[in-house]
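Peer 1: So here's input-v4.pdb (PDB, C-alpha atoms).
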ATOM      1  CA  MET W   1     175.912 -31.113 212.434
ATOM      2  CA  THR W   2     176.256 -27.935 214.465
ATOM      3  CA  PHE W   3     174.807 -24.511 213.801
ATOM      4  CA  ASP W   4     172.822 -21.785 215.482
ATOM      5  CA  VAL W   5     169.064 -22.097 215.252
ATOM      6  CA  PRO W   6     167.500 -18.715 214.466
ATOM      7  CA  ALA W   7     164.561 -17.333 216.398
ATOM      8  CA  ARG W   8     162.031 -17.707 213.553
ATOM      9  CA  PHE W   9     162.157 -21.096 211.868
ATOM     10  CA  ALA W  10     159.714 -23.554 210.347
ATOM     11  CA  VAL W  11     159.833 -27.331 210.486
ATOM     12  CA  PHE W  12     158.360 -29.582 207.805
ATOM     13  CA  SER W  13     158.497 -33.259 206.895
ATOM     14  CA  ASP W  14     157.003 -36.089 204.889
ATOM     15  CA  ILE W  15     157.183 -34.486 201.464
ATOM     16  CA  HIS W  16     157.262 -37.976 199.936
ATOM     17  CA  GLY W  17     158.224 -36.776 196.470
ATOM     18  CA  ASN W  18     155.244 -34.393 196.176
ATOM     19  CA  LEU W  19     156.828 -31.445 194.364
ATOM     20  CA  PRO W  20     153.673 -29.303 194.055
ATOM     21  CA  ALA W  21     153.117 -29.530 197.828
ATOM     22  CA  LEU W  22     156.777 -28.775 198.553
ATOM     23  CA  ASN W  23     156.753 -25.763 196.234
ATOM     24  CA  HIS W  24     153.573 -24.470 197.850
ATOM     25  CA  PHE W  25     155.086 -24.848 201.314
ATOM     26  CA  LEU W  26     158.342 -23.137 200.272
ATOM     27  CA  GLN W  27     156.446 -20.212 198.724
ATOM     28  CA  HIS W  28     154.394 -19.832 201.898
ATOM     29  CA  ALA W  29     157.500 -20.066 204.086
ATOM     30  CA  ASP W  30     159.244 -17.419 201.962
ATOM     31  CA  ALA W  31     156.234 -15.108 202.169
ATOM     32  CA  THR W  32     156.066 -15.590 205.944
ATOM     33  CA  GLY W  33     159.708 -14.609 206.308
ATOM     34  CA  TYR W  34     161.211 -17.445 208.297
ATOM     35  CA  ASP W  35     164.920 -17.161 208.999
ATOM     36  CA  ALA W  36     165.461 -20.883 208.450
ATOM     37  CA  LEU W  37     163.720 -24.111 207.521
ATOM     38  CA  PHE W  38     164.347 -27.629 208.838
ATOM     39  CA  CYS W  39     163.225 -30.837 207.135
ATOM     40  CA  LEU W  40     162.447 -33.827 209.335
ATOM     41  CA  GLY W  41     162.797 -36.423 206.611
ATOM     42  CA  ASP W  42     160.867 -38.487 204.113
ATOM     43  CA  ILE W  43     161.824 -36.214 201.264
ATOM     44  CA  VAL W  44     161.089 -39.113 198.898
ATOM     45  CA  GLY W  45     158.573 -41.927 198.732
ATOM     46  CA  TYR W  46     155.187 -42.308 196.996
ATOM     47  CA  GLY W  47     155.272 -39.094 194.934
ATOM     48  CA  ALA W  48     156.406 -38.749 191.350
ATOM     49  CA  HIS W  49     159.206 -36.221 191.889
ATOM     50  CA  PRO W  50     161.890 -37.633 194.186
ATOM     51  CA  ASN W  51     164.793 -35.978 192.351
ATOM     52  CA  GLU W  52     163.109 -32.603 192.072
ATOM     53  CA  CYS W  53     162.267 -32.633 195.789
ATOM     54  CA  CYS W  54     165.846 -33.543 196.712
ATOM     55  CA  ASP W  55     167.089 -30.829 194.350
ATOM     56  CA  ALA W  56     164.865 -28.207 195.994
ATOM     57  CA  ILE W  57     166.087 -29.118 199.482
ATOM     58  CA  ARG W  58     169.718 -29.195 198.325
ATOM     59  CA  ARG W  59     169.441 -25.910 196.410
ATOM     60  CA  ARG W  60     168.282 -24.135 199.557
ATOM     61  CA  ASN W  61     170.738 -25.998 201.782
ATOM     62  CA  ILE W  62     167.921 -26.879 204.197
ATOM     63  CA  PRO W  63     169.216 -28.856 207.186
ATOM     64  CA  SER W  64     167.485 -32.235 206.998
ATOM     65  CA  VAL W  65     167.380 -35.549 208.800
ATOM     66  CA  LEU W  66     166.937 -38.947 207.217
ATOM     67  CA  GLY W  67     163.425 -40.380 207.126
ATOM     68  CA  ASN W  68     162.523 -44.048 206.939
ATOM     69  CA  HIS W  69     161.331 -43.764 203.318
ATOM     70  CA  ASP W  70     164.538 -41.931 202.412
ATOM     71  CA  GLU W  71     166.600 -44.734 203.914
ATOM     72  CA  MET W  72     164.577 -47.488 202.274
ATOM     73  CA  ALA W  73     164.856 -45.791 198.871
ATOM     74  CA  LEU W  74     168.593 -46.402 199.243
ATOM     75  CA  LYS W  75     168.182 -50.067 200.211
ATOM     76  CA  PRO W  76     164.772 -51.212 198.964
ATOM     77  CA  ASP W  77     165.447 -54.893 199.589
ATOM     78  CA  GLU W  78     165.292 -54.164 203.327
ATOM     79  CA  ALA W  79     161.738 -52.733 203.205
ATOM     80  CA  ASP W  80     160.105 -55.880 204.592
ATOM     81  CA  ASN W  81     158.252 -53.970 207.330
ATOM     82  CA  PHE W  82     156.416 -51.758 204.816
ATOM     83  CA  ASN W  83     153.052 -52.553 203.280
ATOM     84  CA  ASP W  84     152.886 -53.621 199.631
ATOM     85  CA  ILE W  85     152.031 -50.155 198.288
ATOM     86  CA  ALA W  86     154.894 -48.557 200.211
ATOM     87  CA  ARG W  87     157.324 -51.280 199.084
ATOM     88  CA  ARG W  88     156.398 -50.731 195.443
ATOM     89  CA  ALA W  89     156.848 -46.980 195.880
ATOM     90  CA  ILE W  90     160.226 -47.550 197.555
ATOM     91  CA  HIS W  91     161.460 -49.719 194.673
ATOM     92  CA  TRP W  92     160.180 -47.233 192.085
ATOM     93  CA  THR W  93     161.825 -44.328 193.938
ATOM     94  CA  HIS W  94     165.083 -46.264 194.175
ATOM     95  CA  ASP W  95     165.057 -46.781 190.415
ATOM     96  CA  GLN W  96     164.325 -43.084 189.769
ATOM     97  CA  LEU W  97     166.903 -41.512 192.090
ATOM     98  CA  ARG W  98     169.895 -39.975 190.385
ATOM     99  CA  PRO W  99     173.232 -40.921 191.954
ATOM    100  CA  ASP W 100     173.802 -37.392 193.322
ATOM    101  CA  ASN W 101     170.464 -37.469 195.143
ATOM    102  CA  ALA W 102     171.060 -40.976 196.453
ATOM    103  CA  GLU W 103     174.365 -39.696 197.808
ATOM    104  CA  PHE W 104     172.582 -36.686 199.325
ATOM    105  CA  LEU W 105     170.037 -38.895 201.105
ATOM    106  CA  ALA W 106     172.788 -41.240 202.298
ATOM    107  CA  SER W 107     174.581 -38.256 203.837
ATOM    108  CA  LEU W 108     171.639 -37.204 206.009
ATOM    109  CA  PRO W 109     171.942 -37.795 209.751
ATOM    110  CA  TYR W 110     169.285 -39.518 211.851
ATOM    111  CA  ARG W 111     169.255 -36.524 214.181
ATOM    112  CA  ILE W 112     170.336 -32.924 214.380
ATOM    113  CA  GLU W 113     171.072 -31.724 217.893
ATOM    114  CA  THR W 114     171.820 -28.315 219.254
ATOM    115  CA  GLU W 115     171.906 -27.152 222.830
ATOM    116  CA  ASP W 116     168.230 -26.187 222.662
ATOM    117  CA  TYR W 117     166.745 -28.348 219.907
ATOM    118  CA  LEU W 118     166.583 -31.936 218.763
ATOM    119  CA  PHE W 119     165.347 -32.711 215.257
ATOM    120  CA  VAL W 120     164.481 -36.323 214.346
ATOM    121  CA  HIS W 121     162.155 -38.085 211.945
ATOM    122  CA  ALA W 122     161.127 -40.846 214.302
ATOM    123  CA  SER W 123     161.356 -41.204 218.044
ATOM    124  CA  PRO W 124     164.104 -39.283 219.838
ATOM    125  CA  LEU W 125     165.145 -42.496 221.582
ATOM    126  CA  ASP W 126     166.770 -44.758 218.972
ATOM    127  CA  SER W 127     166.121 -42.410 216.039
ATOM    128  CA  GLU W 128     167.498 -44.948 213.586
ATOM    129  CA  LYS W 129     164.970 -47.622 214.613
ATOM    130  CA  TRP W 130     161.912 -45.759 213.241
ATOM    131  CA  HIS W 131     159.722 -46.349 216.297
ATOM    132  CA  TYR W 132     156.309 -44.738 216.097
ATOM    133  CA  ILE W 133     155.059 -42.752 219.056
ATOM    134  CA  LEU W 134     151.418 -43.750 219.248
ATOM    135  CA  THR W 135     150.452 -43.406 222.885
ATOM    136  CA  HIS W 136     150.857 -40.988 225.737
ATOM    137  CA  THR W 137     153.093 -43.563 227.447
ATOM    138  CA  ASP W 138     155.314 -43.759 224.340
ATOM    139  CA  ALA W 139     155.598 -39.969 224.352
ATOM    140  CA  GLU W 140     156.472 -39.790 228.056
ATOM    141  CA  PHE W 141     159.106 -42.498 227.634
ATOM    142  CA  ASN W 142     160.685 -40.705 224.658
ATOM    143  CA  PHE W 143     160.610 -37.265 226.249
ATOM    144  CA  ARG W 144     162.905 -38.645 228.958
ATOM    145  CA  ALA W 145     165.476 -39.476 226.239
ATOM    146  CA  PHE W 146     166.588 -35.896 225.570
ATOM    147  CA  ASP W 147     167.113 -32.560 227.310
ATOM    148  CA  GLN W 148     166.348 -30.075 224.519
TER
END
Let's see the structure in the file written out as structure tokens.

Peer 2:
Amino acid sequence: MTFDVPARFAVFSDIHGNLPALNHFLQHADATGYDALFCLGDIVGYGAHPNECCDAIRRRNIPSVLGNHDEMALKPDEADNFNDIARRAIHWTHDQLRPDNAEFLASLPYRIETEDYLFVHASPLDSEKWHYILTHTDAEFNFRAFDQ
């Protein structure tokens, strides 16, 4: 995915199907006057409105990357590494997703790169592996994985 990143943009993530929170954020972003928004994944998961959240992102054509909960909602039988509550939410979300929104989530890349920016949900090194960055050493190691 290639495009120019405008000077004034906002980054958000981990909506997790929470439509009231997403709407509040979008209203605030509109009032602030950002030129663009970027979503760093986990559009779905836990919350009661996975389709409505996907619809809102799609309607605005917000560049987005795939989050781990987004991916697992597409293949819930692979969610072995999630705790029981998360697994139940993943299966519920999977059952709720309309086919067009499942297709939308499946189309999302693990990373969006431009000359100056790198957008990922997880670590920049092996974005598709969903590694958490929990320590200063993890951060230093990952910062060496990109030039943006």

Peer 1: Since I can't run it myself right now, could you work out what the PyMOL selection byres ((chain W and resi 129) around 12) selects here and report it as JSON, numbers by chain?

Peer 2: {"W": [66, 67, 68, 71, 81, 110, 111, 120, 121, 122, 123, 124, 125, 126, 127, 128, 130, 131, 132, 133]}

Peer 1: Return the single residue from W:Glu113, W:Leu97, W:Leu134, W:Ser64 that is closest to Phe146 (chain W), with distances computed using all atoms listed in the file.

Peer 2: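 The shortest atom-to-atom distance to Phe146 (chain W) comes from W:Glu113.
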
Peer 1: What's the separation between CA of Ala79 (chain W) and CA of Cys53 (chain W), in Å to one decimal place?

Peer 2: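 So the answer is 21.4 Å.
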
Peer 1: For the structure shown, which residues end up in the PyMOL selection byres ((chain W and resi 29-39) around 9)? Put them as a PyMOL selection string, please?

Peer 2: chain W and resi 5-14+24-28+40-43+57+62-66+119+121

Peer 1: Edge lengths and centre, in Å to one decimal, as JSON: that's what I need for the box along x, y and z that holds all listed atoms of region 17-35 of chain W plus 5 Å on each side.

Peer 2:
{"center_x": 159.0, "center_y": -25.7, "center_z": 201.5, "size_x": 21.8, "size_y": 32.2, "size_z": 24.9}

Peer 1: One decimal, Å: what's the distance from CA of Ala73 (chain W) over to CA of Ala89 (chain W), could you say?

Peer 2: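 Interatomic distance here is 8.6 Å.
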
Peer 1: Mind telling me what the PyMOL selection byres ((chain W and resi 106) around 10) catches here, as a ChimeraX atom specification?

Peer 2: /W:66,70-71,73-74,100-105,107-109

Peer 1: I'd like the contact shell of Gln148 (chain W) - 7 Å cut-off, all atoms listed in the file, skipping same-chain residues fewer than 6 positions apart - returned as a PyMOL selection string.

Peer 2: chain W and resi 115-118

Peer 1: Could you state the separation of CA of His69 (chain W) and CA of Val44 (chain W) in Å, given to one decimal place?

Peer 2: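 Computed distance, CA of His69 (chain W) to CA of Val44 (chain W), equals 6.4 Å.
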
Peer 1: Determine, counting all atoms listed in the file, which protein, DNA and RNA residues have an atom within 8 Å of an atom of Gln96 (chain W); residues of the same chain fewer than 4 positions away are not included. Present the result as a list in words.

Peer 2: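 The residues that qualify are Pro50, Asn51 and Trp92 of chain W.
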
Peer 1: Would you mind completing region 130-141 of chain W so that it carries all heavy atoms, and writing it out as a PDB file, in the frame of the given file?

Peer 2:
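Saved the output as out-v7.pdb:
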ATOM      1  N   TRP W 130     163.201 -46.124 213.835  1.00  0.00           N
ATOM      2  CA  TRP W 130     161.912 -45.759 213.241  1.00  0.00           C
ATOM      3  C   TRP W 130     160.721 -46.176 214.100  1.00  0.00           C
ATOM      4  O   TRP W 130     159.699 -46.608 213.584  1.00  0.00           O
ATOM      5  CB  TRP W 130     161.770 -46.324 211.830  1.00  0.00           C
ATOM      6  CG  TRP W 130     162.955 -46.089 210.978  1.00  0.00           C
ATOM      7  CD1 TRP W 130     163.753 -47.026 210.405  1.00  0.00           C
ATOM      8  CD2 TRP W 130     163.521 -44.824 210.587  1.00  0.00           C
ATOM      9  NE1 TRP W 130     164.764 -46.438 209.695  1.00  0.00           N
ATOM     10  CE2 TRP W 130     164.638 -45.076 209.796  1.00  0.00           C
ATOM     11  CE3 TRP W 130     163.184 -43.497 210.850  1.00  0.00           C
ATOM     12  CZ2 TRP W 130     165.431 -44.069 209.259  1.00  0.00           C
ATOM     13  CZ3 TRP W 130     163.969 -42.497 210.313  1.00  0.00           C
ATOM     14  CH2 TRP W 130     165.077 -42.784 209.531  1.00  0.00           C
ATOM     15  N   HIS W 131     160.847 -46.036 215.414  1.00  0.00           N
ATOM     16  CA  HIS W 131     159.722 -46.349 216.297  1.00  0.00           C
ATOM     17  C   HIS W 131     158.655 -45.264 216.176  1.00  0.00           C
ATOM     18  O   HIS W 131     158.966 -44.073 216.171  1.00  0.00           O
ATOM     19  CB  HIS W 131     160.175 -46.421 217.758  1.00  0.00           C
ATOM     20  CG  HIS W 131     161.161 -47.499 218.041  1.00  0.00           C
ATOM     21  ND1 HIS W 131     160.883 -48.828 217.870  1.00  0.00           N
ATOM     22  CD2 HIS W 131     162.441 -47.436 218.479  1.00  0.00           C
ATOM     23  CE1 HIS W 131     161.943 -49.551 218.197  1.00  0.00           C
ATOM     24  NE2 HIS W 131     162.899 -48.727 218.557  1.00  0.00           N
ATOM     25  N   TYR W 132     157.424 -45.683 216.089  1.00  0.00           N
ATOM     26  CA  TYR W 132     156.309 -44.738 216.097  1.00  0.00           C
ATOM     27  C   TYR W 132     155.952 -44.407 217.533  1.00  0.00           C
ATOM     28  O   TYR W 132     156.020 -45.261 218.418  1.00  0.00           O
ATOM     29  CB  TYR W 132     155.086 -45.333 215.398  1.00  0.00           C
ATOM     30  CG  TYR W 132     155.238 -45.423 213.904  1.00  0.00           C
ATOM     31  CD1 TYR W 132     155.628 -46.607 213.307  1.00  0.00           C
ATOM     32  CD2 TYR W 132     154.995 -44.319 213.099  1.00  0.00           C
ATOM     33  CE1 TYR W 132     155.769 -46.697 211.932  1.00  0.00           C
ATOM     34  CE2 TYR W 132     155.143 -44.386 211.726  1.00  0.00           C
ATOM     35  CZ  TYR W 132     155.525 -45.580 211.153  1.00  0.00           C
ATOM     36  OH  TYR W 132     155.665 -45.656 209.799  1.00  0.00           O
ATOM     37  N   ILE W 133     155.559 -43.178 217.745  1.00  0.00           N
ATOM     38  CA  ILE W 133     155.059 -42.752 219.056  1.00  0.00           C
ATOM     39  C   ILE W 133     153.549 -42.655 218.908  1.00  0.00           C
ATOM     40  O   ILE W 133     153.031 -41.729 218.280  1.00  0.00           O
ATOM     41  CB  ILE W 133     155.684 -41.403 219.474  1.00  0.00           C
ATOM     42  CG1 ILE W 133     157.198 -41.549 219.578  1.00  0.00           C
ATOM     43  CG2 ILE W 133     155.081 -40.920 220.788  1.00  0.00           C
ATOM     44  CD1 ILE W 133     157.934 -40.270 219.849  1.00  0.00           C
ATOM     45  N   LEU W 134     152.861 -43.640 219.464  1.00  0.00           N
ATOM     46  CA  LEU W 134     151.418 -43.750 219.248  1.00  0.00           C
ATOM     47  C   LEU W 134     150.585 -43.495 220.497  1.00  0.00           C
ATOM     48  O   LEU W 134     149.382 -43.254 220.394  1.00  0.00           O
ATOM     49  CB  LEU W 134     151.090 -45.142 218.697  1.00  0.00           C
ATOM     50  CG  LEU W 134     151.778 -45.499 217.371  1.00  0.00           C
ATOM     51  CD1 LEU W 134     151.514 -46.954 217.008  1.00  0.00           C
ATOM     52  CD2 LEU W 134     151.316 -44.569 216.268  1.00  0.00           C
ATOM     53  N   THR W 135     151.219 -43.561 221.649  1.00  0.00           N
ATOM     54  CA  THR W 135     150.452 -43.406 222.885  1.00  0.00           C
ATOM     55  C   THR W 135     151.098 -42.344 223.773  1.00  0.00           C
ATOM     56  O   THR W 135     152.253 -41.960 223.574  1.00  0.00           O
ATOM     57  CB  THR W 135     150.407 -44.733 223.676  1.00  0.00           C
ATOM     58  OG1 THR W 135     151.730 -45.032 224.148  1.00  0.00           O
ATOM     59  CG2 THR W 135     149.872 -45.873 222.818  1.00  0.00           C
ATOM     60  N   HIS W 136     150.344 -41.926 224.745  1.00  0.00           N
ATOM     61  CA  HIS W 136     150.857 -40.988 225.737  1.00  0.00           C
ATOM     62  C   HIS W 136     152.059 -41.593 226.474  1.00  0.00           C
ATOM     63  O   HIS W 136     153.051 -40.914 226.740  1.00  0.00           O
ATOM     64  CB  HIS W 136     149.734 -40.620 226.722  1.00  0.00           C
ATOM     65  CG  HIS W 136     150.121 -39.601 227.723  1.00  0.00           C
ATOM     66  ND1 HIS W 136     150.231 -38.261 227.427  1.00  0.00           N
ATOM     67  CD2 HIS W 136     150.456 -39.726 229.026  1.00  0.00           C
ATOM     68  CE1 HIS W 136     150.608 -37.606 228.498  1.00  0.00           C
ATOM     69  NE2 HIS W 136     150.746 -38.468 229.489  1.00  0.00           N
ATOM     70  N   THR W 137     151.987 -42.872 226.769  1.00  0.00           N
ATOM     71  CA  THR W 137     153.093 -43.563 227.447  1.00  0.00           C
ATOM     72  C   THR W 137     154.339 -43.566 226.572  1.00  0.00           C
ATOM     73  O   THR W 137     155.452 -43.321 227.068  1.00  0.00           O
ATOM     74  CB  THR W 137     152.682 -45.004 227.802  1.00  0.00           C
ATOM     75  OG1 THR W 137     151.511 -44.950 228.620  1.00  0.00           O
ATOM     76  CG2 THR W 137     153.789 -45.725 228.534  1.00  0.00           C
ATOM     77  N   ASP W 138     154.179 -43.827 225.269  1.00  0.00           N
ATOM     78  CA  ASP W 138     155.314 -43.759 224.340  1.00  0.00           C
ATOM     79  C   ASP W 138     155.944 -42.367 224.377  1.00  0.00           C
ATOM     80  O   ASP W 138     157.171 -42.232 224.406  1.00  0.00           O
ATOM     81  CB  ASP W 138     154.881 -44.024 222.889  1.00  0.00           C
ATOM     82  CG  ASP W 138     154.417 -45.438 222.637  1.00  0.00           C
ATOM     83  OD1 ASP W 138     154.733 -46.344 223.444  1.00  0.00           O
ATOM     84  OD2 ASP W 138     153.727 -45.634 221.617  1.00  0.00           O
ATOM     85  N   ALA W 139     155.102 -41.348 224.356  1.00  0.00           N
ATOM     86  CA  ALA W 139     155.598 -39.969 224.352  1.00  0.00           C
ATOM     87  C   ALA W 139     156.352 -39.665 225.643  1.00  0.00           C
ATOM     88  O   ALA W 139     157.458 -39.112 225.609  1.00  0.00           O
ATOM     89  CB  ALA W 139     154.451 -38.992 224.163  1.00  0.00           C
ATOM     90  N   GLU W 140     155.797 -40.031 226.777  1.00  0.00           N
ATOM     91  CA  GLU W 140     156.472 -39.790 228.056  1.00  0.00           C
ATOM     92  C   GLU W 140     157.827 -40.488 228.089  1.00  0.00           C
ATOM     93  O   GLU W 140     158.820 -39.899 228.515  1.00  0.00           O
ATOM     94  CB  GLU W 140     155.611 -40.279 229.217  1.00  0.00           C
ATOM     95  CG  GLU W 140     154.467 -39.379 229.545  1.00  0.00           C
ATOM     96  CD  GLU W 140     153.633 -39.903 230.716  1.00  0.00           C
ATOM     97  OE1 GLU W 140     153.866 -41.054 231.166  1.00  0.00           O
ATOM     98  OE2 GLU W 140     152.767 -39.156 231.171  1.00  0.00           O
ATOM     99  N   PHE W 141     157.871 -41.731 227.657  1.00  0.00           N
ATOM    100  CA  PHE W 141     159.106 -42.498 227.634  1.00  0.00           C
ATOM    101  C   PHE W 141     160.152 -41.810 226.758  1.00  0.00           C
ATOM    102  O   PHE W 141     161.312 -41.685 227.136  1.00  0.00           O
ATOM    103  CB  PHE W 141     158.813 -43.921 227.147  1.00  0.00           C
ATOM    104  CG  PHE W 141     160.000 -44.823 227.141  1.00  0.00           C
ATOM    105  CD1 PHE W 141     160.541 -45.293 228.327  1.00  0.00           C
ATOM    106  CD2 PHE W 141     160.593 -45.202 225.945  1.00  0.00           C
ATOM    107  CE1 PHE W 141     161.634 -46.138 228.326  1.00  0.00           C
ATOM    108  CE2 PHE W 141     161.685 -46.044 225.940  1.00  0.00           C
ATOM    109  CZ  PHE W 141     162.218 -46.508 227.122  1.00  0.00           C
TER     110      PHE W 141
END
